[in-house]
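Following: one structure in structure tokens, then a few remarks.
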Amino acid sequence: MWEQLQLLAIFLKSSALAVGGLASLPLLRADLVPRYVTDAGIVQALAIGRLAPGPNGLYIVSLGYIVAGWTGALYALIGASLAPLVMLPATALARRWLLSAWFGGLVRGVSLATAGLLLATGATIVAGSGTQIWQLALVAVTVVVTVHGKLHPAAMIVVGAAVGLAFGR
Amino acid sequence: MPIVKSPPTSRALARAWLDIGTQSVGGGSSTLFLIRRILVERLGWITVREFTEAWALSQLSPGIHLVALAGLLGRTIAGSRGVIVSVAGMMVPAAIITAIATALLGEVARHPLTIAGLSGIGPVAGGMTIGLALTMARPVLQRGRWAVLDVAVIVAALGILLAGAAQTIVVIFAAGAFGAALLGRERPTSSDAPMS
């Protein structure tokens with residue numbers, strides 16, 4: 001029971017302290033790897049999150065399933081659904097605060113730190129996925145394509161799987 | 001004088017968000033595009049102004065911004081009932097499909113072809129994460145001399161996590177406090193936060 005509550009708390013915390021869907025990744029990785037899941041599991045969840053319908057932050061549900069089956073998926077869904085709804089009372093009660101300079105600075109600080117944390121997390125995932133030449137080339141192409149937004153994320157996952165089937169056997 | 005209109009039934013509202021949640025693959029702008037097309041243009045439940053304001057506020061929310069957007073729009077459409085139906089309609093069916101897809105992948109995870117495919121998906125997932133981070137950091141380049149502070153936050157967070165010098169949560173709290181004290185020179189823009 002205690003462990004169940006801990007898992008729920010992990011998913012709630014990761015959503016509550018992140019600004020943006022994928023921004024929860026560094027927090028989740030810090031709490032779940034290696035105790036509950038490996039980096040390979042994180043990669044699977046990220047891929048499914050991109051291929052499945054809905055917000056890409058739903059990768060968290062895939063990760064929850066990998067960690068603890070349907071119960072884990074439910075905890076992840078609860079965390080991902082509840083945390084952003086804090087905006088409902090916030091916009092009603094503290095709208096002036098939300099539009100203040102210091103709150104804008106707070107969001108900016110968290111966003112910038114998240115960018116740095118995501119860079120570190122991405123580098124860790126790359127290192128754990130293999131460093132053969134074709135894999136590093138795939139990383140470089142994906143970074144460029146993602147920054148320019150030229151190709152749909154789901155298509156990039158399919159391309160990655162095809163390249164893996166061609167070179168990874 | 002505002003036009004008084006009766007809110008849609010829960011069933012109609014759930015159907016609209018179900019369409020949004022299950023038809024948008026990859027999240028982000030594709031989901032946002034669908035929300036606007038269905039709720040504003042097709043059904044007329046939300047005005048362009050209401051949509052734009054809710055979207056701007058949702059960019060300040062923790063977690064998945066699209067959930068906050070669904071909640072804010074749902075409240076505008078049908079009050080508390082609208083919040084619950086909208087968020088559940090967008091999230092629950094998509095989450096079930098996501099969990100089933102994960103279960104199916106788990107069934108074939110040890111197959112040599114799956115392992116080979118994942119050997120290519122891993123670098124793509126890592127590359128996407130790095131690419132998203134760079135996209136989040138990109139507005140820094142337009143901030144002139146103040147960019148030094150922004151870059152310092154990014155580099156500090158990167159270095160601290162790679163070096164294992166502090167917990168992730170500590171980095172986030174510290175960056176939030178630093179931002180509130182020193183980075184609040186202007187209101188955040190939508191491009192400062194990742195779309196999800």
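In the structure tokens, chains take letters A, B, ... by order of appearance, with residues numbered from 1 within each chain and ligands from 1 in the order shown.
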* To do: At a cut-off of 6 Å, list the chain B residues touching chain A, using only C-alpha atoms, as a PyMOL selection string.
  => chain B and resi 21-22+24-27+61-65+68+94+98-99+102+116-117+119-124+126-131+133+135-136+153-154+157-158+162+168+172+175-176+179-180+183-184+186-188+194+196
